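Next comes target23.pdb, with PDB, C-alpha atoms.
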MODEL        1
ATOM      1  CA  MET A   1      87.856 135.384  98.658
ATOM      2  CA  ASN A   2      90.171 135.892  95.701
ATOM      3  CA  VAL A   3      89.742 134.485  92.202
ATOM      4  CA  LEU A   4      92.131 131.585  92.727
ATOM      5  CA  GLN A   5      90.324 130.435  95.864
ATOM      6  CA  MET A   6      86.968 130.757  94.113
ATOM      7  CA  ALA A   7      88.240 128.678  91.181
ATOM      8  CA  LEU A   8      89.601 126.021  93.545
ATOM      9  CA  PHE A   9      86.313 125.818  95.479
ATOM     10  CA  LEU A  10      84.463 125.244  92.215
ATOM     11  CA  ALA A  11      87.054 122.701  91.030
ATOM     12  CA  VAL A  12      86.753 120.754  94.306
ATOM     13  CA  ALA A  13      82.959 120.742  94.000
ATOM     14  CA  ALA A  14      83.219 119.568  90.377
ATOM     15  CA  ALA A  15      85.721 116.818  91.255
ATOM     16  CA  GLY A  16      83.511 115.667  94.128
ATOM     17  CA  THR A  17      80.465 115.495  91.861
ATOM     18  CA  LEU A  18      82.421 113.642  89.166
ATOM     19  CA  THR A  19      83.631 111.139  91.772
ATOM     20  CA  VAL A  20      80.064 110.377  92.794
ATOM     21  CA  LEU A  21      78.881 110.109  89.178
ATOM     22  CA  ALA A  22      81.830 108.010  87.925
ATOM     23  CA  PRO A  23      80.673 104.973  85.943
ATOM     24  CA  SER A  24      83.234 102.419  87.141
ATOM     25  CA  PRO A  25      84.844 101.925  90.564
ATOM     26  CA  SER A  26      88.423 102.121  89.274
ATOM     27  CA  ARG A  27      87.731 105.423  87.528
ATOM     28  CA  GLN A  28      86.021 106.570  90.718
ATOM     29  CA  VAL A  29      89.201 105.884  92.705
ATOM     30  CA  LEU A  30      91.329 107.954  90.312
ATOM     31  CA  LEU A  31      88.824 110.819  90.443
ATOM     32  CA  PHE A  32      88.833 110.539  94.231
ATOM     33  CA  SER A  33      92.609 110.966  94.170
ATOM     34  CA  LEU A  34      92.235 114.025  91.924
ATOM     35  CA  TYR A  35      89.642 115.365  94.360
ATOM     36  CA  GLY A  36      92.126 114.874  97.226
ATOM     37  CA  THR A  37      94.853 116.703  95.284
ATOM     38  CA  LEU A  38      92.575 119.660  94.521
ATOM     39  CA  LEU A  39      91.462 119.755  98.158
ATOM     40  CA  THR A  40      95.137 119.836  99.194
ATOM     41  CA  ILE A  41      95.760 122.915  97.018
ATOM     42  CA  LEU A  42      92.599 124.544  98.380
ATOM     43  CA  PHE A  43      93.671 123.955 101.992
ATOM     44  CA  ALA A  44      97.095 125.420 101.227
ATOM     45  CA  LEU A  45      95.463 128.477  99.615
ATOM     46  CA  ILE A  46      93.183 129.179 102.581
ATOM     47  CA  GLU A  47      96.178 129.101 104.916
ATOM     48  CA  ALA A  48      95.744 125.670 106.465
ATOM     49  CA  PRO A  49      99.124 124.055 105.635
ATOM     50  CA  ASP A  50      98.865 121.425 108.396
ATOM     51  CA  VAL A  51      95.567 120.139 107.041
ATOM     52  CA  ALA A  52      96.873 120.368 103.459
ATOM     53  CA  LEU A  53      99.808 118.077 104.274
ATOM     54  CA  SER A  54      97.524 115.528 105.971
ATOM     55  CA  GLU A  55      95.105 115.607 103.051
ATOM     56  CA  LEU A  56      97.953 115.188 100.555
ATOM     57  CA  ALA A  57      99.266 112.042 102.226
ATOM     58  CA  VAL A  58      95.971 110.480 103.302
ATOM     59  CA  GLY A  59      93.348 111.711 100.837
ATOM     60  CA  ALA A  60      95.382 111.954  97.646
ATOM     61  CA  ALA A  61      97.739 108.998  98.085
ATOM     62  CA  ALA A  62      96.955 106.497 100.851
ATOM     63  CA  SER A  63      93.167 106.060 100.565
ATOM     64  CA  PRO A  64      93.070 105.710  96.739
ATOM     65  CA  LEU A  65      95.944 103.242  96.937
ATOM     66  CA  MET A  66      94.138 101.026  99.433
ATOM     67  CA  LEU A  67      90.922 101.259  97.424
ATOM     68  CA  LEU A  68      92.768 100.231  94.232
ATOM     69  CA  VAL A  69      94.308  97.207  95.910
ATOM     70  CA  ALA A  70      90.944  96.241  97.400
ATOM     71  CA  LEU A  71      89.339  96.526  93.944
ATOM     72  CA  ALA A  72      92.027  94.353  92.340
ATOM     73  CA  SER A  73      91.637  91.753  95.067
ATOM     74  CA  VAL A  74      87.844  91.679  94.789
ATOM     75  CA  ARG A  75      87.960  91.351  90.981
ATOM     76  CA  VAL A  76      90.245  88.341  91.096
ATOM     77  CA  ARG A  77      88.053  86.598  93.616
ATOM     78  CA  GLU A  78      84.948  87.303  91.537
ATOM     79  CA  LYS A  79      86.510  85.743  88.425
ATOM     80  CA  LYS A  80      87.260  82.470  90.171
ATOM     81  CA  PRO A  81      84.430  79.920  90.044
TER      82      PRO A  81
ATOM     83  CA  MET B   1      57.433  99.851  97.856
ATOM     84  CA  LYS B   2      56.254 101.218  94.537
ATOM     85  CA  ILE B   3      58.501 103.522  92.554
ATOM     86  CA  ARG B   4      56.072 106.404  93.046
ATOM     87  CA  ALA B   5      56.132 106.037  96.829
ATOM     88  CA  ARG B   6      59.933 105.905  96.726
ATOM     89  CA  LEU B   7      60.055 109.126  94.758
ATOM     90  CA  VAL B   8      57.805 110.821  97.308
ATOM     91  CA  VAL B   9      59.997 109.656 100.211
ATOM     92  CA  CYS B  10      63.123 110.784  98.324
ATOM     93  CA  LEU B  11      61.622 114.184  97.571
ATOM     94  CA  VAL B  12      60.616 114.708 101.228
ATOM     95  CA  GLY B  13      64.181 113.791 102.218
ATOM     96  CA  ILE B  14      65.781 116.143  99.704
ATOM     97  CA  VAL B  15      63.536 119.073 100.653
ATOM     98  CA  GLY B  16      64.111 118.435 104.376
ATOM     99  CA  LEU B  17      67.881 118.191 103.946
ATOM    100  CA  ALA B  18      67.936 121.337 101.795
ATOM    101  CA  ALA B  19      65.957 123.246 104.442
ATOM    102  CA  ILE B  20      68.299 122.152 107.255
ATOM    103  CA  LEU B  21      71.441 122.851 105.196
ATOM    104  CA  PHE B  22      70.162 126.273 104.169
ATOM    105  CA  THR B  23      69.374 127.234 107.781
ATOM    106  CA  GLY B  24      72.750 125.951 108.914
ATOM    107  CA  ILE B  25      74.782 127.646 106.192
ATOM    108  CA  SER B  26      72.949 130.979 106.446
ATOM    109  CA  GLY B  27      73.941 131.111 110.134
ATOM    110  CA  LEU B  28      77.659 130.731 109.415
ATOM    111  CA  PRO B  29      80.035 133.666 109.948
ATOM    112  CA  GLY B  30      81.258 135.409 106.775
ATOM    113  CA  TYR B  31      84.060 133.933 104.666
ATOM    114  CA  GLY B  32      87.372 134.419 106.425
ATOM    115  CA  HIS B  33      85.839 135.762 109.653
ATOM    116  CA  TYR B  34      86.828 133.673 112.645
ATOM    117  CA  PRO B  35      84.368 134.254 115.489
ATOM    118  CA  GLY B  36      85.730 132.223 118.442
ATOM    119  CA  PRO B  37      88.261 133.541 120.938
ATOM    120  CA  TYR B  38      90.026 130.168 121.441
ATOM    121  CA  GLY B  39      92.218 130.233 118.329
ATOM    122  CA  ASP B  40      93.246 133.832 118.902
ATOM    123  CA  TYR B  41      94.243 133.078 122.494
ATOM    124  CA  ILE B  42      96.256 130.021 121.436
ATOM    125  CA  ASN B  43      98.005 131.957 118.665
ATOM    126  CA  ALA B  44      98.910 134.724 121.091
ATOM    127  CA  LEU B  45      99.875 132.529 124.059
ATOM    128  CA  ALA B  46     101.481 129.351 122.652
ATOM    129  CA  PRO B  47     104.805 130.958 121.610
ATOM    130  CA  TYR B  48     105.260 132.269 125.174
ATOM    131  CA  GLN B  49     103.619 129.515 127.249
ATOM    132  CA  ARG B  50     105.085 126.572 125.317
ATOM    133  CA  HIS B  51     107.930 128.152 123.281
ATOM    134  CA  VAL B  52     106.643 126.667 120.008
ATOM    135  CA  THR B  53     105.965 128.587 116.814
ATOM    136  CA  ASN B  54     103.479 126.068 115.364
ATOM    137  CA  ALA B  55     100.357 126.630 117.452
ATOM    138  CA  VAL B  56      98.662 123.616 115.845
ATOM    139  CA  SER B  57     101.262 121.293 117.384
ATOM    140  CA  ALA B  58     100.852 123.027 120.740
ATOM    141  CA  VAL B  59      97.109 122.282 120.620
ATOM    142  CA  ASN B  60      97.516 118.716 119.322
ATOM    143  CA  PHE B  61     100.286 117.532 121.595
ATOM    144  CA  ASP B  62      99.883 119.686 124.687
ATOM    145  CA  TYR B  63      96.722 121.736 125.290
ATOM    146  CA  ARG B  64      94.500 118.956 123.889
ATOM    147  CA  GLY B  65      97.062 116.175 124.110
ATOM    148  CA  LEU B  66      94.562 113.714 125.548
ATOM    149  CA  ASP B  67      92.362 113.937 122.424
ATOM    150  CA  THR B  68      95.341 113.202 120.190
ATOM    151  CA  LEU B  69      96.318 110.279 122.414
ATOM    152  CA  GLY B  70      92.856 108.849 121.753
ATOM    153  CA  GLU B  71      93.283 109.396 118.011
ATOM    154  CA  GLU B  72      96.702 107.717 118.039
ATOM    155  CA  PHE B  73      95.183 104.660 119.631
ATOM    156  CA  ILE B  74      92.329 104.639 117.112
ATOM    157  CA  LEU B  75      94.988 104.389 114.375
ATOM    158  CA  PHE B  76      96.869 101.804 116.426
ATOM    159  CA  ALA B  77      93.769  99.653 116.920
ATOM    160  CA  ALA B  78      92.703 100.040 113.270
ATOM    161  CA  VAL B  79      96.070  98.861 111.943
ATOM    162  CA  ALA B  80      96.256  96.049 114.518
ATOM    163  CA  GLY B  81      92.760  94.920 113.467
ATOM    164  CA  LEU B  82      93.768  95.006 109.796
ATOM    165  CA  VAL B  83      96.846  92.856 110.492
ATOM    166  CA  LEU B  84      94.615  90.379 112.310
ATOM    167  CA  LEU B  85      92.021  90.284 109.488
ATOM    168  CA  LEU B  86      94.487  89.970 106.595
ATOM    169  CA  ARG B  87      96.948  87.605 108.259
ATOM    170  CA  SER B  88      98.172  84.852 105.984
ATOM    171  CA  PRO B  89      98.014  81.267 107.196
ATOM    172  CA  GLY B  90     101.272  79.419 107.610
ATOM    173  CA  VAL B  91     104.739  80.630 106.744
ATOM    174  CA  GLU B  92     105.045  83.870 104.816
ATOM    175  CA  ALA B  93     107.112  83.806 101.664
ATOM    176  CA  GLU B  94     108.485  87.119 100.510
ATOM    177  CA  ASP B  95     108.328  86.482  96.793
ATOM    178  CA  ARG B  96     104.907  85.064  96.030
ATOM    179  CA  PRO B  97     103.840  85.492  92.387
ATOM    180  CA  PRO B  98     101.242  88.160  91.656
ATOM    181  CA  ILE B  99      97.620  87.178  91.095
ATOM    182  CA  GLU B 100      96.682  87.271  87.441
ATOM    183  CA  ILE B 101      93.651  88.691  85.705
ATOM    184  CA  PRO B 102      92.812  87.072  82.336
ATOM    185  CA  ASN B 103      93.722  89.263  79.327
ATOM    186  CA  ARG B 104      95.690  91.660  81.553
ATOM    187  CA  PRO B 105      99.419  90.955  81.238
ATOM    188  CA  ILE B 106     101.588  92.154  84.107
ATOM    189  CA  GLU B 107     104.005  94.720  82.717
ATOM    190  CA  PRO B 108     107.300  95.425  84.474
ATOM    191  CA  ALA B 109     107.842  99.024  85.594
ATOM    192  CA  SER B 110     109.108 101.208  82.754
ATOM    193  CA  ASP B 111     112.501 102.883  82.919
ATOM    194  CA  GLY B 112     110.839 106.244  83.457
ATOM    195  CA  VAL B 113     108.880 105.013  86.476
ATOM    196  CA  ARG B 114     111.965 103.289  87.893
ATOM    197  CA  TRP B 115     114.229 106.311  87.636
ATOM    198  CA  LEU B 116     111.571 108.690  88.914
ATOM    199  CA  THR B 117     110.807 106.565  91.978
ATOM    200  CA  PHE B 118     114.496 105.912  92.722
ATOM    201  CA  GLY B 119     115.054 109.640  92.827
ATOM    202  CA  LEU B 120     111.876 110.330  94.738
ATOM    203  CA  VAL B 121     112.390 107.748  97.507
ATOM    204  CA  ALA B 122     115.348 109.681  98.897
ATOM    205  CA  VAL B 123     113.625 113.058  98.561
ATOM    206  CA  VAL B 124     110.364 111.832 100.101
ATOM    207  CA  ASN B 125     112.178 110.167 103.006
ATOM    208  CA  LEU B 126     114.154 113.321 103.653
ATOM    209  CA  PHE B 127     111.079 115.524 103.441
ATOM    210  CA  GLY B 128     109.093 113.212 105.757
ATOM    211  CA  THR B 129     111.894 113.189 108.329
ATOM    212  CA  TYR B 130     112.165 116.971 108.111
ATOM    213  CA  MET B 131     108.409 117.269 108.588
ATOM    214  CA  VAL B 132     108.424 115.026 111.682
ATOM    215  CA  LEU B 133     111.384 116.797 113.287
ATOM    216  CA  HIS B 134     110.067 120.316 112.689
ATOM    217  CA  GLY B 135     106.543 119.744 114.014
ATOM    218  CA  ASN B 136     107.049 122.296 116.791
ATOM    219  CA  THR B 137     108.403 125.075 114.577
ATOM    220  CA  THR B 138     106.760 124.898 111.122
ATOM    221  CA  PRO B 139     103.461 123.541 109.733
ATOM    222  CA  GLY B 140     103.294 119.780 109.669
ATOM    223  CA  GLY B 141     104.398 117.403 112.390
ATOM    224  CA  GLY B 142     104.354 113.770 113.409
ATOM    225  CA  PHE B 143     101.179 112.752 111.635
ATOM    226  CA  GLN B 144     101.877 114.488 108.340
ATOM    227  CA  GLY B 145     105.551 113.515 108.282
ATOM    228  CA  GLY B 146     104.737 109.950 109.289
ATOM    229  CA  ALA B 147     102.177 109.594 106.512
ATOM    230  CA  ILE B 148     104.711 110.938 103.980
ATOM    231  CA  LEU B 149     107.359 108.484 105.244
ATOM    232  CA  GLY B 150     104.843 105.656 104.997
ATOM    233  CA  THR B 151     104.099 106.385 101.338
ATOM    234  CA  ALA B 152     107.844 106.287 100.564
ATOM    235  CA  SER B 153     107.697 102.504 100.953
ATOM    236  CA  MET B 154     105.102 102.423  98.170
ATOM    237  CA  MET B 155     107.558 104.096  95.815
ATOM    238  CA  VAL B 156     109.990 101.248  96.385
ATOM    239  CA  TYR B 157     107.198  98.862  95.393
ATOM    240  CA  LEU B 158     106.335 100.908  92.326
ATOM    241  CA  GLY B 159     109.899 101.252  91.064
ATOM    242  CA  ALA B 160     111.734  98.154  92.242
ATOM    243  CA  GLY B 161     108.987  95.549  92.430
ATOM    244  CA  TYR B 162     107.508  93.339  95.111
ATOM    245  CA  ARG B 163     110.612  91.421  96.149
ATOM    246  CA  THR B 164     112.765  94.452  96.832
ATOM    247  CA  TYR B 165     109.827  96.109  98.530
ATOM    248  CA  ARG B 166     109.337  93.201 100.919
ATOM    249  CA  ARG B 167     113.057  93.148 101.707
ATOM    250  CA  SER B 168     113.215  96.888 102.380
ATOM    251  CA  THR B 169     110.040  97.014 104.476
ATOM    252  CA  ALA B 170     110.384  94.408 107.194
ATOM    253  CA  LYS B 171     107.025  93.602 108.757
ATOM    254  CA  GLN B 172     108.505  93.101 112.199
ATOM    255  CA  ALA B 173     110.251  96.466 112.105
ATOM    256  CA  THR B 174     106.983  98.220 111.267
ATOM    257  CA  GLU B 175     105.201  96.415 114.099
ATOM    258  CA  ILE B 176     107.897  97.400 116.580
ATOM    259  CA  GLY B 177     107.965 101.005 115.324
ATOM    260  CA  LYS B 178     104.201 101.328 115.567
ATOM    261  CA  SER B 179     104.094  99.998 119.132
ATOM    262  CA  LEU B 180     107.145 101.986 120.209
ATOM    263  CA  GLY B 181     105.628 105.220 118.887
ATOM    264  CA  ALA B 182     102.328 104.686 120.690
ATOM    265  CA  GLY B 183     104.285 103.714 123.817
ATOM    266  CA  ILE B 184     106.356 106.907 123.718
ATOM    267  CA  TYR B 185     103.159 108.971 123.671
ATOM    268  CA  ALA B 186     101.524 107.162 126.606
ATOM    269  CA  LEU B 187     104.738 107.096 128.666
ATOM    270  CA  THR B 188     105.322 110.819 128.117
ATOM    271  CA  GLY B 189     101.838 111.309 129.506
ATOM    272  CA  LEU B 190     102.682 109.200 132.552
ATOM    273  CA  ALA B 191     105.941 111.121 133.020
ATOM    274  CA  GLY B 192     103.811 114.144 133.874
ATOM    275  CA  MET B 193     102.192 112.190 136.680
ATOM    276  CA  VAL B 194     105.511 110.794 137.921
ATOM    277  CA  ALA B 195     106.812 114.369 138.134
ATOM    278  CA  GLY B 196     103.892 115.189 140.405
ATOM    279  CA  GLY B 197     101.598 116.870 137.872
ATOM    280  CA  ALA B 198      98.666 115.809 135.742
ATOM    281  CA  PHE B 199      98.606 113.225 132.939
ATOM    282  CA  LEU B 200     100.330 114.685 129.830
ATOM    283  CA  GLN B 201     101.414 117.775 131.739
ATOM    284  CA  ASN B 202     104.356 119.467 130.025
ATOM    285  CA  VAL B 203     107.099 118.791 132.572
ATOM    286  CA  LEU B 204     110.257 119.027 130.444
ATOM    287  CA  PRO B 205     112.292 122.261 130.083
ATOM    288  CA  LEU B 206     110.720 124.316 127.286
ATOM    289  CA  GLY B 207     113.956 125.255 125.526
ATOM    290  CA  ARG B 208     114.722 128.136 123.190
ATOM    291  CA  ARG B 209     111.918 129.136 120.820
ATOM    292  CA  GLU B 210     112.429 128.152 117.145
ATOM    293  CA  SER B 211     114.908 125.425 118.063
ATOM    294  CA  LEU B 212     114.340 121.721 117.287
ATOM    295  CA  LEU B 213     113.804 120.775 120.933
ATOM    296  CA  SER B 214     111.584 123.705 121.889
ATOM    297  CA  GLY B 215     108.293 122.970 123.619
ATOM    298  CA  GLY B 216     109.229 120.497 126.375
ATOM    299  CA  THR B 217     107.222 117.296 125.853
ATOM    300  CA  ILE B 218     105.815 118.499 122.501
ATOM    301  CA  PRO B 219     108.789 117.343 120.349
ATOM    302  CA  VAL B 220     108.932 114.039 122.282
ATOM    303  CA  ILE B 221     105.253 113.286 121.666
ATOM    304  CA  ASN B 222     105.588 114.571 118.101
ATOM    305  CA  PHE B 223     108.423 112.106 117.472
ATOM    306  CA  GLY B 224     106.382 109.260 118.968
ATOM    307  CA  VAL B 225     103.453 110.105 116.720
ATOM    308  CA  GLY B 226     105.758 110.329 113.695
ATOM    309  CA  LEU B 227     107.208 106.898 114.426
ATOM    310  CA  GLU B 228     103.802 105.345 115.003
ATOM    311  CA  VAL B 229     102.197 106.839 111.897
ATOM    312  CA  ALA B 230     105.158 106.069 109.611
ATOM    313  CA  ALA B 231     105.359 102.454 110.777
ATOM    314  CA  GLY B 232     101.567 102.131 110.941
ATOM    315  CA  PHE B 233     101.102 103.342 107.353
ATOM    316  CA  ALA B 234     103.939 101.138 106.099
ATOM    317  CA  LEU B 235     102.343  98.129 107.818
ATOM    318  CA  LEU B 236      98.926  99.086 106.445
ATOM    319  CA  PHE B 237     100.257  99.240 102.876
ATOM    320  CA  LEU B 238     102.182  96.007 103.366
ATOM    321  CA  GLN B 239      99.014  94.188 104.422
ATOM    322  CA  PHE B 240      97.093  95.519 101.429
ATOM    323  CA  ILE B 241      99.857  94.889  98.860
ATOM    324  CA  LYS B 242     100.169  91.326 100.142
ATOM    325  CA  GLU B 243      96.576  90.827  98.992
ATOM    326  CA  THR B 244      97.666  91.281  95.367
ATOM    327  CA  ARG B 245      99.814  88.151  95.637
ATOM    328  CA  LYS B 246      98.719  84.541  95.365
ATOM    329  CA  GLN B 247      97.666  83.384  98.799
ATOM    330  CA  PRO B 248      99.217  80.254 100.283
ATOM    331  CA  SER B 249      95.805  78.928 101.325
ATOM    332  CA  VAL B 250      94.592  78.873  97.687
ATOM    333  CA  GLU B 251      97.855  77.531  96.276
ATOM    334  CA  GLU B 252      98.935  74.796  98.590
ATOM    335  CA  LYS B 253      95.779  72.981  99.519
TER     336      LYS B 253
ENDMDL
END
Represent the supplied structure as structure tokens.
Amino acid sequence: MNVLQMALFLAVAAAGTLTVLAPSPSRQVLLFSLYGTLLTILFALIEAPDVALSELAVGAAASPLMLLVALASVRVREKKP
Amino acid sequence: MKIRARLVVCLVGIVGLAAILFTGISGLPGYGHYPGPYGDYINALAPYQRHVTNAVSAVNFDYRGLDTLGEEFILFAAVAGLVLLLRSPGVEAEDRPPIEIPNRPIEPASDGVRWLTFGLVAVVNLFGTYMVLHGNTTPGGGFQGGAILGTASMMVYLGAGYRTYRRSTAKQATEIGKSLGAGIYALTGLAGMVAGGAFLQNVLPLGRRESLLSGGTIPVINFGVGLEVAAGFALLFLQFIKETRKQPSVEEK
């Protein structure tokens, strides 16, 4: 394991912990996207480019996007009497 | 349950989980040491047996093609279920106003965002298409390329707004693409049986290694998966983005 991989492993663990500990759902979604991006770089570094590309599209972009829209939709419905 | 009892239960759980995790992790092979023979065999054999240079695609679409067929239909069923759940009653208008949150004005996209997304849409579409078409030669393939193509539609939404997005991403086209892609996969499987072999048997000529059509049925299935995933993701996003608009049932009753 080289230094870069070690750093990325730690960064992914930190981002995962921050996601769990995030105070508000919308911040949690953004941290989740950051977590997906870091995971993508990690996968690329440990020679798994196929998985990295999947993670980039699904984990870093698609899932956070759907969560954001769901959050917006839920908030509006909560505000209505 | 009292808070004390809860703490005890939690502690027992944490200690138990830690013990199991520790036993499991201590039994793992060292970092970077791959123990099983399967991957080594595939890496050594796939370029000669199937004429593809991306062994992952050979596993996904040929050696374990049946598993991927199951996964494709999981995605298919999930998206179909989502369309059913989030269907809008009555006629669909393509330019419904956005829902509003008090004290949160809706800002139009800035020039920077618009120019960036306009430039990126072309690049992302090109890259996604490249990724789908080269699934048998380089890392990536139908799923990855399809997911990238699907997110391109979101850039149109981000840069050009809802109306243009709805015009550029026709719901019917995504539905047809999704079904066609899944159909291509299943029919390629049946083609193996028609040719007198097993389901999903690779019956097409394997072609020259490192060429776009190398691998027999692998590029065909790969294309089907790419089509299904691209259209499926676009449809998925469309259904979700529609939820940020005023719904006809609330408005017109």
Written as a PyMOL selection string, which residues does the ChimeraX specification (/A :<10) & /B give for the file shown?
-> chain B and resi 31-32+54+56-57+99-102+131+135+138-141+143-151+154+233+236-237+239-245
Which of these residues is nearest to Ala170 (chain B), using all atoms listed in the file: B:Leu7, B:Leu69, B:Leu85, B:Leu238?
-> B:Leu238
With a distance cut-off of 12 Å and only C-alpha atoms, select the neighbouring residues of Asn2 (chain A), excluding the residue or stretch itself and same-chain residues fewer than 3 positions from it, and output the selection as a VMD selection string.
-> (chain A and resid 5 to 9 42 45 to 46) or (chain B and resid 31 to 32)
Please provide the set of residues having any atom within 12 Å of Thr217 (chain B), restricted to all atoms listed in the file, with same-chain residues fewer than 6 positions apart removed, written as a ChimeraX atom specification.
-> /B:50-52,57-58,60-63,65,136,184-192,199-207,223-224
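Interatomic distance, CA of Met155 (chain B) to CA of Gln247 (chain B): 23.1 Å.
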Within 8 Å of Leu34 (chain A), counting all atoms listed in the file, which residues show up once you throw out same-chain ones fewer than 3 positions away? Write them as a PDB file with C-alpha atoms, in the coordinates of the input, please.
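And here's out.pdb as it stands now:
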ATOM      1  CA  ALA A  15      85.721 116.818  91.255  1.00  0.00           C
ATOM      2  CA  LEU A  30      91.329 107.954  90.312  1.00  0.00           C
ATOM      3  CA  LEU A  31      88.824 110.819  90.443  1.00  0.00           C
ATOM      4  CA  THR A  37      94.853 116.703  95.284  1.00  0.00           C
ATOM      5  CA  LEU A  38      92.575 119.660  94.521  1.00  0.00           C
ATOM      6  CA  ALA A  60      95.382 111.954  97.646  1.00  0.00           C
TER       7      ALA A  60
END
So which one's closest to Leu39 (chain A), A:Val3, A:Ser24, A:Leu18, A:Gly59? Using only C-alpha atoms, please.
->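 Of all the options, A:Gly59 lies closest to Leu39 (chain A).
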Would you please work out which residue, of A:Pro64, A:Tyr35, A:Ile41, A:Glu47, is nearest to Gly16 (chain A) when using only C-alpha atoms?
->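 Selected residue with least distance to Gly16 (chain A): A:Tyr35.
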Report the distance between CA of Val156 (chain B) and CA of Val113 (chain B) in Å, rounded to one decimal place.
->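 Spanning CA of Val156 (chain B) to CA of Val113 (chain B) is a straight-line distance of 10.7 Å.
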Could you pull the residues within 12 Å of Ser168 (chain B), counting all atoms listed in the file, minus those fewer than 2 positions along the same chain, as a PyMOL selection string?
-> chain B and resi 94+121+152-157+160-166+170-174+234+238
Point-to-point distance in Å for CA of Ala55 (chain B) and CA of Asp67 (chain B) = 15.8 Å
Residues selected by the PyMOL selection byres ((chain B and resi 175-179) around 8), written as a ChimeraX atom specification = /B:76,171-174,180-183,227-232,235
